[in-house]
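Pasting entry38.txt here (compact mmCIF, C-alpha atoms):
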# COMPACT_ATOMS: atom_id res chain seq x y z
CA LYS V 1 112.88 73.18 123.29
CA LYS V 2 116.64 73.11 122.69
CA SER V 3 118.06 76.61 122.56
CA ASN V 4 120.13 77.90 119.67
CA SER V 5 122.89 78.42 122.23
CA LYS V 6 125.04 75.48 123.30
CA ASP V 7 124.14 73.68 126.54
CA ARG V 8 120.85 75.54 127.02
CA VAL V 9 117.14 74.74 126.92
CA GLN V 10 114.38 77.25 126.21
CA TRP V 11 111.16 76.78 128.21
CA THR V 12 107.67 78.27 127.83
CA ILE V 13 105.00 78.43 130.56
CA ASP V 14 101.49 79.63 129.71
CA VAL V 15 99.57 80.85 132.74
CA ASN V 16 95.77 81.05 133.18
CA LYS V 17 94.61 80.14 129.69
CA SER V 18 91.51 78.67 131.39
CA GLY V 19 90.47 82.16 132.55
CA GLN V 20 90.34 81.72 136.32
CA ILE V 21 90.31 84.52 138.88
CA VAL V 22 93.44 84.39 140.99
CA SER V 23 93.94 86.86 143.81
CA ASN V 24 97.72 86.65 143.99
CA ALA V 25 99.26 84.47 141.27
CA ILE V 26 102.65 82.90 142.00
CA VAL V 27 104.39 80.56 139.54
CA GLU V 28 106.86 77.99 140.80
CA ASP V 29 109.02 75.86 138.51
CA THR V 30 110.75 72.58 139.32
CA LEU V 31 113.82 72.32 137.11
CA PRO V 32 115.57 69.14 135.96
CA LYS V 33 118.78 68.17 137.71
CA GLY V 34 121.76 70.18 136.47
CA HIS V 35 119.69 73.10 135.14
CA LYS V 36 119.88 76.71 136.33
CA VAL V 37 117.71 79.59 135.15
CA ASP V 38 119.48 82.37 133.26
CA VAL V 39 117.49 85.18 134.89
CA SER V 40 118.42 87.62 132.13
CA THR V 41 116.41 85.55 129.61
CA ILE V 42 113.07 85.70 131.50
CA LYS V 43 110.27 87.35 129.54
CA ILE V 44 106.65 87.68 130.68
CA ASN V 45 104.06 88.76 128.13
CA LYS V 46 100.29 88.96 128.10
CA ILE V 47 98.65 86.54 125.65
CA THR V 48 95.18 86.82 124.12
CA GLN V 49 93.18 84.14 122.36
CA ASN V 50 92.25 84.53 118.70
CA GLY V 51 90.35 81.42 117.66
CA ASN V 52 92.70 78.49 118.22
CA ASN V 53 95.75 80.75 118.39
CA TRP V 54 97.25 82.81 121.17
CA THR V 55 98.80 86.17 120.37
CA VAL V 56 101.72 87.52 122.38
CA GLY V 57 101.26 91.09 123.54
CA ALA V 58 102.69 93.59 126.00
CA ASP V 59 105.09 92.86 128.84
CA HIS V 60 103.66 92.23 132.29
CA PRO V 61 103.71 95.66 133.99
CA ASN V 62 105.19 94.67 137.36
CA PRO V 63 106.18 91.01 137.87
CA VAL V 64 108.04 89.98 141.02
CA ILE V 65 111.02 87.86 139.99
CA ASP V 66 113.54 86.09 142.21
CA VAL V 67 116.69 87.78 140.87
CA THR V 68 118.91 84.92 142.05
CA ASN V 69 117.03 81.80 141.00
CA GLY V 70 114.41 83.14 138.60
CA PHE V 71 111.52 81.50 140.43
CA PRO V 72 109.10 81.98 142.07
CA ILE V 73 107.56 84.62 139.82
CA GLY V 74 104.71 86.76 141.17
CA LEU V 75 102.10 87.93 138.65
CA GLY V 76 99.73 89.64 141.08
CA LYS V 77 95.94 89.55 140.60
CA LEU V 78 94.63 87.74 137.52
CA THR V 79 91.14 88.27 136.15
CA ALA V 80 89.40 85.90 133.78
CA ASN V 81 90.91 87.89 130.90
CA ASP V 82 94.49 87.79 132.19
CA ALA V 83 96.73 85.11 130.70
CA TYR V 84 100.51 85.33 130.49
CA ARG V 85 103.37 83.56 128.76
CA ILE V 86 106.66 83.13 130.59
CA THR V 87 109.72 82.19 128.51
CA PHE V 88 113.23 81.61 129.82
CA GLU V 89 116.38 79.60 129.27
CA THR V 90 118.19 77.20 131.55
CA VAL V 91 121.93 76.60 131.43
CA ILE V 92 122.94 72.92 131.70
CA ASN V 93 125.80 71.85 133.95
CA TRP V 94 126.50 68.39 132.55
CA SER V 95 128.64 67.32 135.51
CA GLU V 96 125.50 67.65 137.66
CA VAL V 97 123.25 65.90 135.15
CA ASP V 98 125.42 62.77 135.00
CA GLU V 99 129.11 62.00 135.34
CA ASN V 100 128.84 59.89 132.17
CA TYR V 101 128.34 61.44 128.75
CA LEU V 102 124.95 60.68 127.21
CA LYS V 103 124.29 61.66 123.62
CA ASN V 104 120.49 61.48 123.89
CA ASN V 105 118.99 63.17 126.94
CA SER V 106 115.48 63.85 128.23
CA PHE V 107 114.61 66.62 130.68
CA GLU V 108 111.28 67.11 132.49
CA ASN V 109 110.13 70.43 133.90
CA THR V 110 107.08 70.97 136.17
CA ALA V 111 105.40 74.37 136.56
CA THR V 112 102.81 75.08 139.25
CA LEU V 113 100.45 78.05 139.63
CA TYR V 114 99.54 79.09 143.18
CA ASP V 115 97.06 81.58 144.61
CA GLU V 116 99.15 82.61 147.58
CA GLU V 117 99.82 79.15 149.08
CA ASP V 118 96.94 77.28 147.42
CA GLU V 119 97.75 75.27 144.31
CA VAL V 120 95.61 76.25 141.32
CA ALA V 121 97.10 74.18 138.49
CA SER V 122 100.19 72.25 137.55
CA ASP V 123 101.64 70.96 134.30
CA ASP V 124 104.86 69.38 133.07
CA ALA V 125 106.76 69.15 129.82
CA THR V 126 109.62 66.99 128.57
CA VAL V 127 112.27 68.09 126.10
CA SER V 128 114.69 65.85 124.21
CA TYR V 129 118.26 67.06 123.93
CA THR V 130 120.82 65.50 121.58
CA ARG V 131 124.39 66.42 122.38
CA ASP V 132 127.30 66.75 120.01
CA PRO V 133 129.50 63.64 119.71
CA ILE V 134 132.64 63.07 121.75
CA LEU V 135 134.55 61.05 119.14
CA GLU V 136 134.71 61.50 115.39
CA LYS V 137 137.29 60.55 112.79
CA LYS V 138 137.82 61.44 109.16
CA GLY V 139 140.56 60.79 106.69
CA ALA V 140 141.70 62.60 103.57
CA SER V 141 143.64 60.70 100.92
CA LYS V 142 146.74 62.47 99.66
CA VAL V 143 147.58 59.61 97.31
CA ASN V 144 148.94 60.60 93.90
CA TYR V 145 151.96 59.75 91.77
CA ASN V 146 154.40 61.23 94.30
CA ASN V 147 152.47 60.87 97.53
CA LYS V 148 151.20 57.73 99.25
CA THR V 149 149.76 59.15 102.45
CA ILE V 150 146.44 59.48 104.24
CA GLU V 151 145.96 62.32 106.73
CA TRP V 152 143.72 61.47 109.67
CA THR V 153 141.80 63.86 111.91
CA VAL V 154 140.21 62.70 115.17
CA THR V 155 137.92 65.13 116.99
CA VAL V 156 137.52 64.53 120.73
CA ASN V 157 134.83 66.10 122.92
CA GLU V 158 132.86 68.22 120.47
CA ALA V 159 130.17 68.05 123.19
CA LYS V 160 132.49 69.75 125.71
CA HIS V 161 131.70 67.26 128.47
CA PRO V 162 133.78 67.83 131.64
CA PHE V 163 136.17 64.88 131.27
CA THR V 164 139.37 64.35 133.24
CA ASP V 165 141.69 61.93 131.41
CA LEU V 166 140.90 60.10 128.17
CA VAL V 167 142.64 57.44 126.09
CA VAL V 168 142.09 57.28 122.33
CA THR V 169 143.15 54.02 120.70
CA ASP V 170 143.35 53.55 116.94
CA TYR V 171 144.18 50.20 115.34
CA LEU V 172 145.70 50.88 111.95
CA PRO V 173 145.40 47.82 109.66
CA ALA V 174 148.33 46.10 108.01
CA GLY V 175 149.30 48.01 104.92
CA LEU V 176 149.23 51.39 106.65
CA LYS V 177 152.36 52.77 108.30
CA LEU V 178 152.28 55.60 110.83
CA ILE V 179 154.71 58.36 109.87
CA GLY V 180 155.54 61.73 111.38
CA PRO V 181 154.35 63.16 114.71
CA VAL V 182 150.90 63.06 116.31
CA THR V 183 149.62 66.56 117.08
CA VAL V 184 146.84 67.60 119.46
CA VAL V 185 145.31 71.08 119.30
CA SER V 186 142.82 72.62 121.76
CA ASP V 187 139.89 74.80 120.75
CA ILE V 188 141.09 77.31 123.37
CA THR V 189 143.06 79.52 121.03
CA THR V 190 145.03 81.22 123.80
CA GLU V 191 146.71 77.99 124.92
CA THR V 192 149.05 75.36 123.55
CA TYR V 193 147.73 72.02 124.76
CA ALA V 194 150.67 69.77 125.57
CA ASP V 195 149.29 67.52 128.30
CA TYR V 196 149.29 64.34 126.23
CA THR V 197 151.50 61.38 125.39
CA THR V 198 151.48 58.94 122.49
CA SER V 199 152.76 55.45 121.84
CA SER V 200 152.57 53.01 118.95
CA ALA V 201 153.38 49.35 118.48
CA ILE V 202 152.72 46.62 115.91
CA HIS V 203 150.87 43.58 117.30
CA SER V 204 152.51 40.28 116.40
CA SER V 205 149.68 38.03 117.59
CA GLY V 206 146.11 37.98 118.82
CA GLU V 207 143.03 39.77 117.56
CA HIS V 208 145.01 42.73 116.21
CA ALA V 209 147.96 40.81 114.73
CA GLY V 210 149.71 42.86 112.06
CA LYS V 211 147.93 46.07 113.07
CA THR V 212 149.59 49.17 114.48
CA GLU V 213 148.11 50.24 117.81
CA LEU V 214 148.28 54.01 118.23
CA LYS V 215 147.48 55.10 121.76
CA ILE V 216 146.96 58.77 122.66
CA ASN V 217 146.66 59.65 126.35
CA LEU V 218 144.86 62.96 126.87
CA ASN V 219 145.19 64.44 130.36
CA ASN V 220 143.13 67.16 132.04
CA VAL V 221 140.73 67.37 129.11
CA GLU V 222 138.01 69.21 131.07
CA LYS V 223 135.66 70.96 128.59
CA ARG V 224 138.21 71.25 125.82
CA LYS V 225 137.48 70.16 122.29
CA LEU V 226 140.68 68.51 121.06
CA THR V 227 141.70 67.86 117.47
CA ILE V 228 144.22 65.08 116.84
CA THR V 229 146.00 64.74 113.50
CA TYR V 230 148.46 62.16 112.18
CA VAL V 231 149.57 60.71 108.87
CA THR V 232 149.83 57.15 107.59
CA GLU V 233 151.63 55.91 104.51
CA VAL V 234 149.97 53.33 102.28
CA GLU V 235 152.36 50.41 101.86
CA ASN V 236 150.01 47.82 100.37
CA PHE V 237 148.06 48.96 97.32
CA ASN V 238 146.87 45.40 96.71
CA ALA V 239 144.41 45.92 99.57
CA VAL V 240 141.30 47.59 98.17
CA ASN V 241 139.92 48.41 101.61
CA PHE V 242 141.38 49.01 105.06
CA ALA V 243 139.25 48.14 108.11
CA ASN V 244 140.17 50.63 110.81
CA ALA V 245 139.11 50.43 114.47
CA VAL V 246 139.10 53.45 116.76
CA GLY V 247 137.78 53.84 120.29
CA MET V 248 138.04 55.95 123.41
CA GLY V 249 138.01 55.17 127.10
CA GLY V 250 138.11 57.06 130.35
CA THR V 251 135.93 58.13 133.26
CA GLY V 252 132.63 59.48 132.01
CA VAL V 253 132.88 58.12 128.47
CA GLY V 254 130.08 55.59 128.92
CA ASP V 255 128.94 53.29 126.13
CA VAL V 256 130.46 55.43 123.37
CA GLY V 257 133.84 54.16 124.51
CA GLU V 258 133.19 50.97 122.56
CA THR V 259 135.39 50.39 119.51
CA ILE V 260 134.04 51.62 116.19
CA ILE V 261 134.93 49.61 113.08
CA SER V 262 135.18 51.54 109.83
CA THR V 263 136.20 50.32 106.39
CA VAL V 264 137.93 52.91 104.21
CA THR V 265 139.18 52.95 100.63
CA PRO V 266 142.43 54.90 100.16
CA VAL V 267 141.68 55.83 96.56
CA SER V 268 138.77 57.98 97.75
CA ASN V 269 139.44 61.67 98.18
CA THR V 270 137.62 61.89 101.51
CA TYR V 271 136.01 59.43 103.88
CA THR V 272 134.53 59.69 107.32
CA LYS V 273 133.98 57.45 110.30
Can the structure in the file be given as structure tokens, please?
Amino acid sequence: KKSNSKDRVQWTIDVNKSGQIVSNAIVEDTLPKGHKVDVSTIKINKITQNGNNWTVGADHPNPVIDVTNGFPIGLGKLTANDAYRITFETVINWSEVDENYLKNNSFENTATLYDEEDEVASDDATVSYTRDPILEKKGASKVNYNNKTIEWTVTVNEAKHPFTDLVVTDYLPAGLKLIGPVTVVSDITTETYADYTTSSAIHSSGEHAGKTELKINLNNVEKRKLTITYVTEVENFNAVNFANAVGMGGTGVGDVGETIISTVTPVSNTYTK
């Protein structure tokens, strides 16, 4: 199952529930691509059957664990009454899983029990893993008698995928005017992220005629989560709704780089896309 810690999966292997006699039990585990065992998380406990349930008991007295890779794990001699549960976590290196970001992932793990070199049993399990998004946008209306602005916040790489360079493009509809600077802040509190450039232009023709194209080039993103903020002024209050299009491109972005269309109403206090 997905661990409570970011970029980790928690696995469980139950050994010898069938009650076989194994002279020298060795458990091997074939991990999914991009996964590495955190050896410090390995726990091996005896389990006993109580009806349809299995109760976790004492630690295995003397397992033999590969201190570098975690597996193989030696459990020694097993009698018909000896069953054990192995639990551990794997750390995911997403750059090894796939260069492209995938929100919905599936990982298969195969465990095999050996008696010395002879295979006794094998089983596999698949876990689904949903990653955090890499592009989100929300806006907060500041509109009142003296203020006609909307403050926008774009969150890039909540998933902390190892990107290189990214380009965020926002098409602001006619009736909204970009004012003030665009700021980008990293989640690494000890640094001031400044490796970005911005540009804006109003399209006079084509699909985006009348819209303001705001382009934000983010360089050397790596595993940073970046928060972009900027402000627009509402110039046309005759428009009840503003259809806003935002998208992101770059190596590794994948299908989520497609443009997202969102319709917002400036009189609302808060709206999200």
Checklist entry - Got a sec: who's within 10 Å of range 121-134 of chain V, counting only C-alpha atoms, leaving out chain neighbours fewer than 2 positions off, as an NGL selection string? => result :V and (1-3 or 6-16 or 27-30 or 32 or 101-115 or 118-119 or 136 or 155-161 or 225-226 or 248 or 253 or 256-257)
Write to file, as an mmCIF file, keeping the file's coordinate frame, the residues of the selection just made, with C-alpha atoms.
data_model
loop_
_atom_site.group_PDB
_atom_site.id
_atom_site.type_symbol
_atom_site.label_atom_id
_atom_site.label_comp_id
_atom_site.auth_asym_id
_atom_site.auth_seq_id
_atom_site.Cartn_x
_atom_site.Cartn_y
_atom_site.Cartn_z
ATOM 1 C CA LYS V 1 112.880 73.180 123.290
ATOM 2 C CA LYS V 2 116.640 73.110 122.690
ATOM 3 C CA SER V 3 118.060 76.610 122.560
ATOM 4 C CA LYS V 6 125.040 75.480 123.300
ATOM 5 C CA ASP V 7 124.140 73.680 126.540
ATOM 6 C CA ARG V 8 120.850 75.540 127.020
ATOM 7 C CA VAL V 9 117.140 74.740 126.920
ATOM 8 C CA GLN V 10 114.380 77.250 126.210
ATOM 9 C CA TRP V 11 111.160 76.780 128.210
ATOM 10 C CA THR V 12 107.670 78.270 127.830
ATOM 11 C CA ILE V 13 105.000 78.430 130.560
ATOM 12 C CA ASP V 14 101.490 79.630 129.710
ATOM 13 C CA VAL V 15 99.570 80.850 132.740
ATOM 14 C CA ASN V 16 95.770 81.050 133.180
ATOM 15 C CA VAL V 27 104.390 80.560 139.540
ATOM 16 C CA GLU V 28 106.860 77.990 140.800
ATOM 17 C CA ASP V 29 109.020 75.860 138.510
ATOM 18 C CA THR V 30 110.750 72.580 139.320
ATOM 19 C CA PRO V 32 115.570 69.140 135.960
ATOM 20 C CA TYR V 101 128.340 61.440 128.750
ATOM 21 C CA LEU V 102 124.950 60.680 127.210
ATOM 22 C CA LYS V 103 124.290 61.660 123.620
ATOM 23 C CA ASN V 104 120.490 61.480 123.890
ATOM 24 C CA ASN V 105 118.990 63.170 126.940
ATOM 25 C CA SER V 106 115.480 63.850 128.230
ATOM 26 C CA PHE V 107 114.610 66.620 130.680
ATOM 27 C CA GLU V 108 111.280 67.110 132.490
ATOM 28 C CA ASN V 109 110.130 70.430 133.900
ATOM 29 C CA THR V 110 107.080 70.970 136.170
ATOM 30 C CA ALA V 111 105.400 74.370 136.560
ATOM 31 C CA THR V 112 102.810 75.080 139.250
ATOM 32 C CA LEU V 113 100.450 78.050 139.630
ATOM 33 C CA TYR V 114 99.540 79.090 143.180
ATOM 34 C CA ASP V 115 97.060 81.580 144.610
ATOM 35 C CA ASP V 118 96.940 77.280 147.420
ATOM 36 C CA GLU V 119 97.750 75.270 144.310
ATOM 37 C CA GLU V 136 134.710 61.500 115.390
ATOM 38 C CA THR V 155 137.920 65.130 116.990
ATOM 39 C CA VAL V 156 137.520 64.530 120.730
ATOM 40 C CA ASN V 157 134.830 66.100 122.920
ATOM 41 C CA GLU V 158 132.860 68.220 120.470
ATOM 42 C CA ALA V 159 130.170 68.050 123.190
ATOM 43 C CA LYS V 160 132.490 69.750 125.710
ATOM 44 C CA HIS V 161 131.700 67.260 128.470
ATOM 45 C CA LYS V 225 137.480 70.160 122.290
ATOM 46 C CA LEU V 226 140.680 68.510 121.060
ATOM 47 C CA MET V 248 138.040 55.950 123.410
ATOM 48 C CA VAL V 253 132.880 58.120 128.470
ATOM 49 C CA VAL V 256 130.460 55.430 123.370
ATOM 50 C CA GLY V 257 133.840 54.160 124.510
#
Thr212 in chain V: which residues within 6 Å, counting only C-alpha atoms, same-chain residues fewer than 3 positions away excluded, as a CSV table (one decimal) with C-alpha atoms, keeping the file's coordinate frame?
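Wrote result_17.csv, looks like this:
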chain,number,residue,atom,x,y,z
V,171,TYR,CA,144.2,50.2,115.3
V,172,LEU,CA,145.7,50.9,112.0
V,201,ALA,CA,153.4,49.4,118.5
V,202,ILE,CA,152.7,46.6,115.9
Next on the checklist: So that I can see what lies close to Glu235 in chain V, please list as a list in words the residues with an atom at most 7 Å from it, counting only C-alpha atoms and leaving out residues fewer than 6 positions away in the same chain.
Outcome noted: Gly175, Leu176 and Lys177 of chain V
Would you save the residues from that selection as a compact mmCIF listing (two decimals), keeping the file's coordinate frame, using C-alpha atoms?
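Result saved to part-v7.txt:
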# COMPACT_ATOMS: atom_id res chain seq x y z
CA GLY V 175 149.30 48.01 104.92
CA LEU V 176 149.23 51.39 106.65
CA LYS V 177 152.36 52.77 108.30
Item to check | Nearby residues, (103.3, 98.6, 133.1) file frame, 12 Å, all atoms listed in the file, as a list in words | outcome: Ile44, Asn45, Lys46, Ala58, Asp59, His60, Pro61, Asn62 and Pro63 of chain V
Please define a box with edges along x, y and z of the file around all atoms of range 118-121 of chain V given in the file, extend it by 3 Å on each side, and return its centre and edge lengths in Å to one decimal, as AutoDock Vina command-line options.
--center_x 96.7 --center_y 75.7 --center_z 143.0 --size_x 8.1 --size_y 9.1 --size_z 14.9
